[in-house]
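File shown: coords-v2.txt (compact mmCIF, C-alpha atoms and all ligand atoms).
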```txt
# COMPACT_ATOMS: atom_id res chain seq x y z
CA MET A 17 35.61 -22.66 -0.10
CA GLY A 18 33.94 -21.77 -3.41
CA GLU A 19 34.41 -18.42 -5.10
CA LYS A 20 30.89 -17.29 -4.26
CA GLU A 21 31.26 -18.12 -0.58
CA GLU A 22 34.57 -16.35 -0.45
CA ALA A 23 33.12 -13.20 -2.02
CA VAL A 24 30.17 -13.29 0.37
CA ARG A 25 32.43 -13.71 3.42
CA GLU A 26 34.49 -10.75 2.31
CA THR A 27 31.45 -8.51 1.89
CA LEU A 28 30.04 -9.57 5.25
CA LYS A 29 33.33 -8.80 6.95
CA LYS A 30 33.46 -5.37 5.34
CA TYR A 31 29.99 -4.52 6.69
CA GLY A 32 30.25 -6.31 10.04
CA GLN A 33 27.47 -8.75 9.15
CA GLU A 34 29.37 -12.05 9.45
CA HIS A 35 26.67 -13.49 11.71
CA LEU A 36 24.49 -14.02 8.61
CA LEU A 37 26.42 -17.26 8.01
CA LEU A 38 25.68 -18.53 11.52
CA LYS A 39 23.86 -21.64 10.29
CA TYR A 40 25.67 -21.94 6.97
CA ASN A 41 27.85 -24.92 7.86
CA GLU A 42 24.84 -26.93 9.04
CA MET A 43 22.82 -26.33 5.89
CA SER A 44 22.19 -28.61 2.91
CA ALA A 45 23.98 -27.69 -0.32
CA GLU A 46 20.73 -26.27 -1.70
CA ASP A 47 20.08 -24.10 1.35
CA LYS A 48 23.69 -22.92 1.37
CA GLU A 49 23.24 -21.75 -2.19
CA LYS A 50 19.97 -20.04 -1.32
CA LEU A 51 21.52 -18.19 1.62
CA LEU A 52 24.52 -17.03 -0.42
CA GLU A 53 22.19 -15.75 -3.10
CA GLN A 54 20.05 -13.95 -0.53
CA ILE A 55 23.16 -12.24 0.81
CA GLN A 56 24.42 -11.32 -2.64
CA GLU A 57 21.12 -9.60 -3.35
CA ILE A 58 21.52 -7.28 -0.36
CA ASP A 59 22.64 -3.74 -1.07
CA PHE A 60 24.75 -3.31 2.10
CA GLU A 61 25.42 0.38 1.45
CA GLN A 62 21.67 0.96 1.28
CA ILE A 63 21.14 -0.96 4.53
CA LEU A 64 23.86 1.08 6.18
CA ASN A 65 22.23 4.32 5.05
CA LEU A 66 18.80 3.16 6.18
CA TYR A 67 20.23 2.26 9.57
CA GLU A 68 21.90 5.66 9.92
CA ASN A 69 18.55 7.27 9.04
CA THR A 70 16.78 5.48 11.88
CA LYS A 71 18.90 7.54 14.26
CA LYS A 72 17.98 10.88 12.70
CA GLU A 73 15.00 12.98 13.63
CA ILE A 74 12.49 13.37 10.80
CA GLU A 75 13.11 16.74 9.22
CA VAL A 76 9.93 18.52 8.28
CA GLY A 77 10.70 22.16 8.70
CA LYS A 78 12.48 22.65 5.40
CA ASP A 79 9.56 21.81 3.15
CA LYS A 80 7.13 24.47 2.05
CA ILE A 81 3.69 23.11 2.91
CA GLU A 82 0.55 24.69 1.48
CA PRO A 83 -3.09 23.65 1.19
CA ILE A 84 -4.03 21.87 -2.02
CA GLU A 85 -7.12 22.41 -4.13
CA TYR A 86 -9.76 19.71 -4.04
CA VAL A 87 -13.15 19.08 -5.58
CA ASN A 88 -16.04 18.87 -3.20
CA GLN A 89 -18.25 16.75 -5.42
CA PHE A 90 -21.27 17.60 -3.27
CA LYS A 91 -20.96 21.23 -4.25
CA LEU A 92 -20.94 20.56 -7.99
CA SER A 93 -24.02 21.64 -9.93
CA ASN A 94 -26.28 18.88 -11.25
CA GLU A 95 -25.12 19.68 -14.74
CA GLU A 96 -21.47 19.32 -13.81
CA ARG A 97 -22.10 16.09 -11.93
CA GLU A 98 -23.95 14.60 -14.86
CA LYS A 99 -21.24 15.64 -17.26
CA TYR A 100 -18.45 13.98 -15.26
CA ILE A 101 -20.50 10.88 -14.54
CA LYS A 102 -21.21 10.46 -18.25
CA ILE A 103 -17.52 10.77 -19.14
CA GLY A 104 -16.58 8.31 -16.42
CA GLU A 105 -19.28 5.83 -17.35
CA GLU A 106 -18.19 5.83 -20.96
CA ALA A 107 -14.60 5.11 -19.95
CA ILE A 108 -15.59 2.31 -17.57
CA ARG A 109 -17.93 0.75 -20.13
CA ALA A 110 -15.09 0.86 -22.66
CA GLY A 111 -12.93 -1.24 -20.30
CA LYS A 112 -10.53 1.55 -19.38
CA LEU A 113 -10.62 0.92 -15.64
CA GLY A 114 -8.44 -1.58 -13.78
CA PHE A 115 -8.14 -2.22 -10.06
CA ILE A 116 -5.22 -3.04 -7.79
CA THR A 117 -5.67 -4.22 -4.22
CA MET A 118 -2.59 -3.84 -2.08
CA ALA A 119 -2.57 -6.92 0.09
CA GLY A 120 1.12 -7.37 0.80
CA GLY A 121 1.06 -5.91 4.32
CA GLN A 122 1.77 -8.03 7.37
CA GLY A 123 -1.34 -7.01 9.26
CA THR A 124 0.53 -7.25 12.55
CA ARG A 125 -1.89 -5.03 14.44
CA LEU A 126 -4.92 -7.13 13.50
CA GLY A 127 -3.07 -10.32 14.40
CA HIS A 128 -5.17 -12.54 12.10
CA LYS A 129 -3.50 -15.83 11.20
CA GLY A 130 -3.25 -15.72 7.44
CA PRO A 131 -3.46 -12.95 4.83
CA LYS A 132 -5.49 -9.97 6.03
CA GLY A 133 -7.89 -10.30 3.10
CA THR A 134 -8.93 -13.74 4.37
CA PHE A 135 -10.17 -12.23 7.62
CA LYS A 136 -13.90 -12.89 8.06
CA LEU A 137 -15.40 -9.51 8.76
CA THR A 138 -19.08 -10.31 8.64
CA GLU A 139 -20.68 -13.60 9.64
CA ASP A 140 -19.92 -15.22 6.32
CA LYS A 141 -17.72 -12.88 4.30
CA THR A 142 -14.03 -12.08 4.26
CA LEU A 143 -12.46 -8.76 3.29
CA PHE A 144 -11.49 -10.16 -0.11
CA GLN A 145 -15.04 -11.32 -0.67
CA LEU A 146 -16.60 -8.00 0.31
CA ILE A 147 -14.22 -6.14 -2.00
CA CYS A 148 -14.94 -8.58 -4.81
CA GLU A 149 -18.67 -8.07 -4.41
CA THR A 150 -18.31 -4.32 -4.97
CA LEU A 151 -16.11 -5.00 -7.98
CA LYS A 152 -18.61 -7.46 -9.41
CA GLU A 153 -21.42 -4.99 -8.92
CA GLY A 154 -19.50 -2.36 -10.92
CA SER A 155 -18.58 -4.86 -13.60
CA GLN A 156 -22.18 -5.97 -14.00
CA LYS A 157 -23.51 -2.43 -14.04
CA TYR A 158 -21.22 -1.48 -16.93
CA SER A 159 -21.17 -4.87 -18.64
CA VAL A 160 -17.42 -5.07 -18.50
CA ILE A 161 -14.78 -7.12 -16.72
CA ILE A 162 -12.65 -4.84 -14.59
CA PRO A 163 -9.28 -6.60 -14.27
CA TRP A 164 -8.28 -7.11 -10.65
CA TYR A 165 -4.60 -7.18 -9.74
CA ILE A 166 -3.76 -8.27 -6.21
CA MET A 167 -0.41 -7.34 -4.72
CA THR A 168 0.84 -9.94 -2.27
CA SER A 169 4.14 -10.51 -0.51
CA ARG A 170 6.45 -13.53 -0.39
CA GLU A 171 5.01 -14.23 3.04
CA ASN A 172 1.35 -14.34 2.07
CA ASN A 173 1.26 -14.98 -1.69
CA ASP A 174 0.75 -18.73 -1.74
CA GLU A 175 -1.93 -18.64 0.92
CA THR A 176 -3.72 -15.81 -0.88
CA VAL A 177 -3.69 -17.61 -4.22
CA ALA A 178 -4.82 -20.88 -2.62
CA TYR A 179 -7.64 -19.04 -0.88
CA PHE A 180 -8.95 -17.58 -4.13
CA GLU A 181 -8.76 -20.97 -5.82
CA LYS A 182 -10.64 -22.58 -2.98
CA GLU A 183 -13.32 -19.91 -3.21
CA ASN A 184 -13.44 -20.30 -6.99
CA TYR A 185 -12.44 -16.64 -7.39
CA PHE A 186 -15.81 -15.67 -5.93
CA GLY A 187 -17.26 -16.27 -9.38
CA TYR A 188 -15.37 -13.28 -10.78
CA GLY A 189 -13.37 -15.42 -13.17
CA LYS A 190 -9.81 -16.66 -12.86
CA ASP A 191 -8.70 -14.74 -15.96
CA ALA A 192 -9.83 -11.43 -14.53
CA ILE A 193 -7.65 -11.80 -11.43
CA LYS A 194 -3.87 -11.63 -11.38
CA PHE A 195 -1.61 -11.88 -8.34
CA PHE A 196 1.79 -10.23 -8.16
CA LYS A 197 4.42 -10.17 -5.44
CA GLN A 198 5.93 -7.00 -4.06
CA GLY A 199 9.60 -6.65 -3.18
CA GLU A 200 11.31 -7.06 0.20
CA LEU A 201 14.12 -5.60 2.24
CA PRO A 202 16.07 -7.16 5.10
CA MET A 203 15.04 -6.24 8.64
CA ILE A 204 17.69 -5.02 11.07
CA GLY A 205 18.07 -4.91 14.82
CA THR A 206 18.73 -1.75 16.82
CA ASP A 207 22.46 -2.43 16.46
CA GLY A 208 22.26 -2.32 12.66
CA LYS A 209 22.76 -6.07 12.29
CA ILE A 210 20.61 -7.75 9.67
CA LEU A 211 18.32 -10.31 11.28
CA LEU A 212 18.24 -14.01 10.60
CA ASP A 213 14.90 -15.79 10.47
CA LYS A 214 14.13 -18.90 12.45
CA ASN A 215 15.69 -21.12 9.78
CA GLY A 216 18.93 -19.19 9.53
CA PHE A 217 18.06 -17.29 6.35
CA VAL A 218 17.97 -13.53 5.96
CA LYS A 219 14.87 -12.10 7.61
CA LYS A 220 13.08 -9.93 5.08
CA ALA A 221 9.87 -7.95 5.09
CA ALA A 222 7.68 -6.41 2.40
CA ASP A 223 8.95 -3.02 1.27
CA GLY A 224 5.80 -0.99 1.96
CA HIS A 225 2.81 -0.05 -0.20
CA GLY A 226 5.11 2.23 -2.20
CA GLY A 227 6.65 -1.02 -3.43
CA ILE A 228 3.67 -1.23 -5.78
CA PHE A 229 5.47 0.66 -8.55
CA GLU A 230 8.57 -1.49 -8.67
CA ALA A 231 6.39 -4.62 -8.40
CA VAL A 232 4.11 -3.51 -11.24
CA PHE A 233 7.11 -2.92 -13.52
CA ARG A 234 8.94 -6.08 -12.52
CA ASN A 235 5.84 -8.17 -13.19
CA HIS A 236 5.15 -6.44 -16.53
CA LEU A 237 1.65 -5.52 -15.48
CA LEU A 238 1.49 -2.35 -17.52
CA GLU A 239 1.81 -4.48 -20.65
CA ASP A 240 -1.04 -6.66 -19.42
CA MET A 241 -3.17 -3.61 -18.67
CA LYS A 242 -2.48 -2.08 -22.06
CA LYS A 243 -3.40 -5.33 -23.77
CA ARG A 244 -6.71 -5.21 -21.98
CA GLY A 245 -7.25 -1.54 -22.88
CA VAL A 246 -6.91 -0.29 -19.29
CA GLU A 247 -5.99 3.39 -18.95
CA TRP A 248 -6.88 4.13 -15.32
CA ILE A 249 -5.92 2.02 -12.34
CA PHE A 250 -7.71 2.42 -9.05
CA VAL A 251 -5.46 1.41 -6.15
CA GLY A 252 -6.83 0.57 -2.72
CA GLY A 253 -5.83 -1.27 0.45
CA VAL A 254 -7.17 -4.68 1.38
CA ASP A 255 -8.36 -3.46 4.75
CA ASN A 256 -11.15 -1.13 3.65
CA CYS A 257 -14.25 -3.21 3.03
CA LEU A 258 -16.16 -0.24 1.61
CA VAL A 259 -13.64 0.68 -1.07
CA LYS A 260 -15.50 2.04 -4.11
CA MET A 261 -13.20 1.35 -7.03
CA CYS A 262 -15.76 1.77 -9.76
CA ASP A 263 -16.84 5.37 -9.41
CA PRO A 264 -17.80 7.18 -12.62
CA ILE A 265 -17.64 10.71 -11.23
CA PHE A 266 -14.09 10.12 -9.99
CA VAL A 267 -13.01 8.67 -13.33
CA GLY A 268 -14.81 11.42 -15.25
CA LEU A 269 -13.24 14.20 -13.20
CA ALA A 270 -9.77 12.68 -13.57
CA ILE A 271 -10.21 12.43 -17.34
CA GLU A 272 -11.52 15.99 -17.60
CA LYS A 273 -8.75 17.41 -15.41
CA LYS A 274 -6.15 15.49 -17.41
CA CYS A 275 -4.32 14.45 -14.26
CA LEU A 276 -2.04 11.44 -14.09
CA VAL A 277 -3.00 10.75 -10.49
CA ALA A 278 -6.14 11.25 -8.44
CA GLY A 279 -7.04 10.65 -4.82
CA LYS A 280 -10.27 10.40 -2.91
CA SER A 281 -10.26 12.32 0.33
CA LEU A 282 -12.24 12.16 3.56
CA VAL A 283 -12.85 15.22 5.68
CA LYS A 284 -10.95 14.86 8.93
CA THR A 285 -13.31 14.23 11.83
CA SER A 286 -11.35 16.72 13.92
CA PRO A 287 -8.02 18.54 13.68
CA GLU A 288 -6.57 15.86 15.95
CA GLU A 289 -7.59 12.85 13.86
CA LYS A 290 -4.58 10.66 13.20
CA VAL A 291 -4.63 10.63 9.43
CA GLY A 292 -2.35 12.11 6.79
CA VAL A 293 -3.82 14.92 4.70
CA PHE A 294 -3.34 15.99 1.11
CA CYS A 295 -1.24 19.12 0.72
CA LYS A 296 1.23 20.81 -1.56
CA ARG A 297 4.85 20.27 -0.63
CA ASN A 298 7.30 22.53 -2.39
CA GLY A 299 4.61 23.16 -4.99
CA LYS A 300 3.90 19.49 -5.72
CA PRO A 301 1.01 17.28 -4.58
CA SER A 302 1.83 15.40 -1.42
CA VAL A 303 0.53 14.07 1.88
CA ILE A 304 1.56 15.47 5.23
CA GLU A 305 1.38 12.89 7.97
CA TYR A 306 -0.33 13.56 11.28
CA THR A 307 3.01 13.19 13.01
CA GLU A 308 4.48 15.94 10.82
CA ILE A 309 1.76 18.61 10.96
CA SER A 310 1.85 21.38 13.56
CA LYS A 311 -1.15 22.02 15.81
CA GLU A 312 -1.55 25.45 14.26
CA MET A 313 -1.69 24.07 10.73
CA ALA A 314 -3.97 21.22 11.72
CA GLU A 315 -6.45 23.71 13.21
CA ALA A 316 -6.30 26.40 10.50
CA ARG A 317 -9.56 27.01 8.64
CA ASP A 318 -10.57 28.74 5.40
CA LYS A 319 -13.20 31.45 5.03
CA ASP A 320 -15.98 28.84 4.90
CA GLY A 321 -14.85 27.33 8.16
CA GLU A 322 -13.36 24.22 6.53
CA LEU A 323 -10.01 22.88 7.73
CA LEU A 324 -7.26 24.11 5.41
CA TYR A 325 -5.56 20.76 5.83
CA GLY A 326 -8.64 18.64 6.19
CA GLU A 327 -8.66 16.26 3.23
CA GLY A 328 -7.58 12.95 4.72
CA HIS A 329 -5.64 10.48 2.58
CA VAL A 330 -6.70 6.90 3.19
CA LEU A 331 -5.22 4.90 0.30
CA MET A 332 -7.94 5.43 -2.30
CA ASN A 333 -6.03 6.58 -5.36
CA MET A 334 -6.18 6.24 -9.09
CA PHE A 335 -3.32 6.47 -11.54
CA ASN A 336 -3.33 6.95 -15.25
CA ILE A 337 -1.16 4.33 -16.88
CA LYS A 338 1.08 7.16 -18.12
CA GLY A 339 1.47 8.26 -14.52
CA PHE A 340 2.72 4.79 -13.64
CA GLU A 341 5.17 5.01 -16.52
CA GLU A 342 6.47 8.35 -15.25
CA LEU A 343 7.01 6.80 -11.85
CA GLU A 344 9.21 4.07 -13.23
CA LYS A 345 12.01 6.65 -13.37
CA ASN A 346 11.74 7.69 -9.72
CA LYS A 347 12.89 5.79 -6.67
CA LEU A 348 10.82 6.43 -3.57
CA PRO A 349 12.48 7.09 -0.21
CA PHE A 350 12.31 4.46 2.52
CA HIS A 351 10.87 5.16 5.97
CA SER A 352 11.64 2.99 8.95
CA ALA A 353 9.06 1.35 11.19
CA PHE A 354 9.96 -0.20 14.53
CA LYS A 355 8.23 -3.58 14.73
CA LYS A 356 8.11 -6.83 16.63
CA ALA A 357 10.04 -9.46 14.69
CA GLU A 358 10.86 -13.03 15.61
CA TYR A 359 14.49 -13.83 14.82
CA MET A 360 17.46 -16.09 15.52
CA ASN A 361 20.02 -14.57 17.86
CA ALA A 362 23.81 -14.97 17.81
CA ASN A 363 23.51 -18.16 19.89
CA GLY A 364 21.18 -19.72 17.37
CA GLU A 365 18.17 -19.30 19.69
CA ILE A 366 14.79 -18.18 18.39
CA VAL A 367 13.64 -14.98 20.04
CA VAL A 368 9.95 -14.08 20.08
CA PRO A 369 9.83 -10.49 21.33
CA ASP A 370 6.88 -8.98 23.13
CA ALA A 371 7.87 -5.43 22.25
CA PRO A 372 9.23 -3.89 19.03
CA ASN A 373 12.84 -4.89 18.48
CA ALA A 374 13.61 -4.41 14.79
CA TYR A 375 13.44 -1.96 11.93
CA LYS A 376 11.46 -2.63 8.82
CA PHE A 377 11.89 -0.35 5.80
CA GLU A 378 8.96 0.77 3.76
CA SER A 379 8.23 3.18 0.97
CA PHE A 380 4.84 4.88 0.84
CA ILE A 381 2.63 5.14 -2.20
CA PHE A 382 1.89 8.81 -1.50
CA ASP A 383 5.55 9.76 -1.80
CA ALA A 384 5.02 9.17 -5.51
CA PHE A 385 2.50 11.99 -5.88
CA SER A 386 5.12 14.71 -5.90
CA SER A 387 6.75 13.23 -9.00
CA LEU A 388 3.60 14.15 -10.88
CA ASP A 389 2.84 17.82 -11.33
CA ASP A 390 -0.83 17.87 -10.64
CA MET A 391 -3.35 15.74 -8.84
CA LEU A 392 -7.11 15.58 -8.71
CA ILE A 393 -8.41 15.30 -5.17
CA MET A 394 -12.08 14.52 -4.78
CA ARG A 395 -13.90 14.49 -1.48
CA VAL A 396 -16.10 11.48 -0.76
CA LYS A 397 -18.44 10.54 2.08
CA ARG A 398 -16.73 8.61 4.84
CA GLU A 399 -19.81 6.54 5.66
CA GLU A 400 -20.06 5.39 2.04
CA GLU A 401 -16.46 4.53 1.32
CA PHE A 402 -14.39 3.91 4.41
CA ALA A 403 -14.53 1.12 6.96
CA PRO A 404 -10.95 0.24 7.88
CA VAL A 405 -9.80 -2.88 9.69
CA LYS A 406 -6.45 -2.13 11.31
CA ASN A 407 -6.47 -3.10 14.97
CA ALA A 408 -7.72 -6.20 16.75
CA GLU A 409 -9.82 -4.08 19.11
CA GLY A 410 -10.97 -0.51 19.64
CA VAL A 411 -10.57 2.10 16.88
CA ASP A 412 -10.56 0.81 13.30
CA SER A 413 -11.17 -2.73 14.43
CA PRO A 414 -13.40 -5.50 13.02
CA GLU A 415 -16.12 -4.34 15.39
CA THR A 416 -16.16 -0.73 14.13
CA ALA A 417 -15.75 -1.77 10.48
CA ARG A 418 -18.58 -4.31 10.74
CA LYS A 419 -20.89 -1.63 12.10
CA LEU A 420 -19.93 0.81 9.34
CA TYR A 421 -20.46 -1.91 6.74
CA ASN A 422 -23.84 -2.93 8.11
CA ASP A 423 -24.99 0.69 8.35
CA TYR A 424 -23.91 1.27 4.78
CA ILE A 425 -25.80 -1.77 3.52
CA ALA A 426 -28.88 -0.76 5.50
CA ASN A 427 -28.88 2.74 3.94
CA LYS A 428 -27.92 1.71 0.42
P1 LIG B 501 -0.85 -0.74 6.67
O1 LIG B 501 0.13 0.34 6.60
O2 LIG B 501 -2.06 -0.50 7.49
O3 LIG B 501 -0.08 -2.04 7.15
O4 LIG B 501 -1.25 -1.11 5.21
P2 LIG B 501 -0.51 -3.56 7.38
O5 LIG B 501 0.67 -4.33 6.98
O6 LIG B 501 -1.78 -3.95 6.72
O7 LIG B 501 -0.75 -3.69 8.93
P3 LIG B 501 0.23 -3.52 10.19
O8 LIG B 501 0.79 -2.14 10.14
O9 LIG B 501 1.30 -4.58 10.07
O10 LIG B 501 -0.68 -3.76 11.33
C1 LIG B 501 -2.20 -0.41 4.47
C2 LIG B 501 -2.46 -1.20 3.19
O11 LIG B 501 -1.26 -1.32 2.43
C3 LIG B 501 -0.96 -2.67 2.19
C4 LIG B 501 -1.68 -3.45 3.27
O12 LIG B 501 -1.89 -4.78 2.88
C5 LIG B 501 -2.93 -2.63 3.43
O13 LIG B 501 -3.86 -2.95 2.43
N1 LIG B 501 0.50 -2.89 2.27
C6 LIG B 501 1.22 -2.40 3.31
C7 LIG B 501 1.10 -3.62 1.28
O14 LIG B 501 0.43 -4.08 0.33
N2 LIG B 501 2.44 -3.83 1.37
C8 LIG B 501 3.19 -3.37 2.38
O15 LIG B 501 4.41 -3.61 2.38
C9 LIG B 501 2.57 -2.61 3.38
```
Encoding of this model in structure tokens:
Amino acid sequence: MGEKEEAVRETLKKYGQEHLLLKYNEMSAEDKEKLLEQIQEIDFEQILNLYENTKKEIEVGKDKIEPIEYVNQFKLSNEEREKYIKIGEEAIRAGKLGFITMAGGQGTRLGHKGPKGTFKLTEDKTLFQLICETLKEGSQKYSVIIPWYIMTSRENNDETVAYFEKENYFGYGKDAIKFFKQGELPMIGTDGKILLDKNGFVKKAADGHGGIFEAVFRNHLLEDMKKRGVEWIFVGGVDNCLVKMCDPIFVGLAIEKKCLVAGKSLVKTSPEEKVGVFCKRNGKPSVIEYTEISKEMAEARDKDGELLYGEGHVLMNMFNIKGFEELEKNKLPFHSAFKKAEYMNANGEIVVPDAPNAYKFESFIFDAFSSLDDMLIMRVKREEEFAPVKNAEGVDSPETARKLYNDYIANK
């Protein structure tokens, strides 16, 4: 037995994870090496803590939650609007805006075979294509190339890159588009055992959209952005075909307010809508999830009759490059999600579950807001900027998103 194998066996024994070598003896030398390396990369203490956390109730009560100020852009005077738009337009024209699409998710609810961005939403266009069209429109309007960074995962990176090549980058230019992979964490079963995948390797899953920070640093993207003169980075999900990344008033307001982070908000359709809302948590900008908020808070209104906690957060944020740099110092917490995951059991059989069976650990991009002191929140119109594709059917499905998209185009 080599030194490496011996060390790995010892660690596995200490943490009760010996089953990870189930297929080791049957593997080629190369695969053996790969598996040992995978295991050596695991922080077993972290996995143990994450497993313990899955058994705890989420504690909310301790935080001091308060409403957060936001800008209702529709209540600005014409003069103010024009001022911010001018500032934003100048910045965009000067090449200070970059764009990140987070496309590393698994898209399990949609169930599309392949990366979510390759899902054909309209008769002839995929999500990636629709997003690219909006980006192109902005680029043409301001005679500038807005660099587009696409976050993928190990699972979907190659397919995503191949798709863009096949589509000739939708005519946006290969040099303007850069792909980068987010990190991963092992998945565990309800007994705390790390899962094996169908080939006998460690089963890993993308580490959540909050993984964007670590991935940006690891891939040296800030250097690339700086080289290109980018100062503001709009970050959106791949599953909103109406995302408006190039928005002068938003950029102008963020510049004027000197914030390092900004978020677009949507008014909640009702107090019961299942969406997280912007708030202040212990004095810092944050998002309170719909599962965390009490009925009383969700229904509370201000003197104008607006919901006190009514500014929905739907992954439309913008960071100043300095904000990203600040975030390099902070590690985000991990949350657990209970998901369906195919795996190899202790008998070497492949199990394809029909109900959730495993924990996946994810960090959330909005947990980063509280590391920054202040945040600009700007309300936008839902019908102009939000058409999510989450589920295969029903709410937030291709059918509802297609309708929203078509209505938007018809009224444009
Ligand atoms: P969701 O939280 O809706 O997850 O992601 P999902 O992976 O797309 O879908 P389900 O939950 O498995 O059905 C919101 C956005 O964040 C990105 C997604 O690609 C989507 O654009 N995301 C999510 C990542 O980039 N990485 C992740 O690890 C998770």
Just the residues within 8 Å of Asp383 of chain A, please, counting all atoms listed in the file, with nothing from its chain fewer than 5 positions along; format it as a list in words.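 That gives Gly226, Ser302, Val303, Leu348 and Pro349 of chain A.
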Please check which protein, DNA or RNA residues sit within 10 Å of ligand LIG 501 (chain B), counting all atoms listed in the file, and write them as JSON, numbers by chain. {"A": [116, 117, 118, 119, 120, 121, 122, 123, 124, 125, 126, 127, 128, 131, 132, 133, 166, 167, 168, 169, 197, 198, 199, 200, 201, 221, 222, 223, 224, 225, 226, 227, 228, 251, 252, 253, 254, 255, 256, 330, 331, 353, 355, 356, 376, 377, 378, 379, 380, 381, 404, 405, 406, 407, 408]}
Taking all atoms of segment 352-371 of chain A that the file lists and extending 6 Å past them on each side, where is the centre of the axis-aligned box and how long are its edges? Answer in Å to one decimal, as lines of an AutoDock Vina configuration file.
```
center_x = 15.3
center_y = -8.4
center_z = 16.0
size_x = 28.9
size_y = 34.7
size_z = 26.2
```
Looking at A:Asn41, A:Leu237, A:Lys136, A:Gln33, which one is nearest to Met17 of chain A, with distances taken over only C-alpha atoms? A:Asn41
Counting all atoms listed in the file, I want the residues whose atoms come within 12 Å of (-1.4, -1.8, -14.4) in the file frame, returned as a PDB file with C-alpha atoms, in the frame of the given file.
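Once everything was written out, this is point14.pdb:
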```pdb
ATOM      1  CA  LYS A 112     -10.530   1.550 -19.380  1.00  0.00           C
ATOM      2  CA  LEU A 113     -10.620   0.920 -15.640  1.00  0.00           C
ATOM      3  CA  GLY A 114      -8.440  -1.580 -13.780  1.00  0.00           C
ATOM      4  CA  PHE A 115      -8.140  -2.220 -10.060  1.00  0.00           C
ATOM      5  CA  ILE A 116      -5.220  -3.040  -7.790  1.00  0.00           C
ATOM      6  CA  THR A 117      -5.670  -4.220  -4.220  1.00  0.00           C
ATOM      7  CA  ILE A 162     -12.650  -4.840 -14.590  1.00  0.00           C
ATOM      8  CA  PRO A 163      -9.280  -6.600 -14.270  1.00  0.00           C
ATOM      9  CA  TRP A 164      -8.280  -7.110 -10.650  1.00  0.00           C
ATOM     10  CA  TYR A 165      -4.600  -7.180  -9.740  1.00  0.00           C
ATOM     11  CA  ILE A 166      -3.760  -8.270  -6.210  1.00  0.00           C
ATOM     12  CA  MET A 167      -0.410  -7.340  -4.720  1.00  0.00           C
ATOM     13  CA  LYS A 194      -3.870 -11.630 -11.380  1.00  0.00           C
ATOM     14  CA  PHE A 195      -1.610 -11.880  -8.340  1.00  0.00           C
ATOM     15  CA  PHE A 196       1.790 -10.230  -8.160  1.00  0.00           C
ATOM     16  CA  ILE A 228       3.670  -1.230  -5.780  1.00  0.00           C
ATOM     17  CA  PHE A 229       5.470   0.660  -8.550  1.00  0.00           C
ATOM     18  CA  GLU A 230       8.570  -1.490  -8.670  1.00  0.00           C
ATOM     19  CA  ALA A 231       6.390  -4.620  -8.400  1.00  0.00           C
ATOM     20  CA  VAL A 232       4.110  -3.510 -11.240  1.00  0.00           C
ATOM     21  CA  PHE A 233       7.110  -2.920 -13.520  1.00  0.00           C
ATOM     22  CA  ARG A 234       8.940  -6.080 -12.520  1.00  0.00           C
ATOM     23  CA  ASN A 235       5.840  -8.170 -13.190  1.00  0.00           C
ATOM     24  CA  HIS A 236       5.150  -6.440 -16.530  1.00  0.00           C
ATOM     25  CA  LEU A 237       1.650  -5.520 -15.480  1.00  0.00           C
ATOM     26  CA  LEU A 238       1.490  -2.350 -17.520  1.00  0.00           C
ATOM     27  CA  GLU A 239       1.810  -4.480 -20.650  1.00  0.00           C
ATOM     28  CA  ASP A 240      -1.040  -6.660 -19.420  1.00  0.00           C
ATOM     29  CA  MET A 241      -3.170  -3.610 -18.670  1.00  0.00           C
ATOM     30  CA  LYS A 242      -2.480  -2.080 -22.060  1.00  0.00           C
ATOM     31  CA  LYS A 243      -3.400  -5.330 -23.770  1.00  0.00           C
ATOM     32  CA  ARG A 244      -6.710  -5.210 -21.980  1.00  0.00           C
ATOM     33  CA  GLY A 245      -7.250  -1.540 -22.880  1.00  0.00           C
ATOM     34  CA  VAL A 246      -6.910  -0.290 -19.290  1.00  0.00           C
ATOM     35  CA  GLU A 247      -5.990   3.390 -18.950  1.00  0.00           C
ATOM     36  CA  TRP A 248      -6.880   4.130 -15.320  1.00  0.00           C
ATOM     37  CA  ILE A 249      -5.920   2.020 -12.340  1.00  0.00           C
ATOM     38  CA  PHE A 250      -7.710   2.420  -9.050  1.00  0.00           C
ATOM     39  CA  VAL A 251      -5.460   1.410  -6.150  1.00  0.00           C
ATOM     40  CA  MET A 334      -6.180   6.240  -9.090  1.00  0.00           C
ATOM     41  CA  PHE A 335      -3.320   6.470 -11.540  1.00  0.00           C
ATOM     42  CA  ASN A 336      -3.330   6.950 -15.250  1.00  0.00           C
ATOM     43  CA  ILE A 337      -1.160   4.330 -16.880  1.00  0.00           C
ATOM     44  CA  LYS A 338       1.080   7.160 -18.120  1.00  0.00           C
ATOM     45  CA  GLY A 339       1.470   8.260 -14.520  1.00  0.00           C
ATOM     46  CA  PHE A 340       2.720   4.790 -13.640  1.00  0.00           C
ATOM     47  CA  GLU A 341       5.170   5.010 -16.520  1.00  0.00           C
TER      48      GLU A 341
END
```
For atom CA of Lys91 of chain A and atom CA of Leu392 of chain A, determine how far apart the two atoms are, in Å to one decimal place.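 Interatomic distance here is 15.6 Å.
Here atom CA of Phe217 of chain A and atom CA of Thr27 of chain A stand 16.6 Å from one another.
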Pick out the residues sitting within 10 Å of Lys273 of chain A, and hand them over as a PyMOL selection string; count all atoms listed in the file, and ignore anything fewer than 4 positions along from it in its own chain. chain A and resi 267-269+278+390-392
Point-to-point distance in Å for atom CA of Asp263 of chain A and atom CA of Thr150 of chain A: 10.8 Å
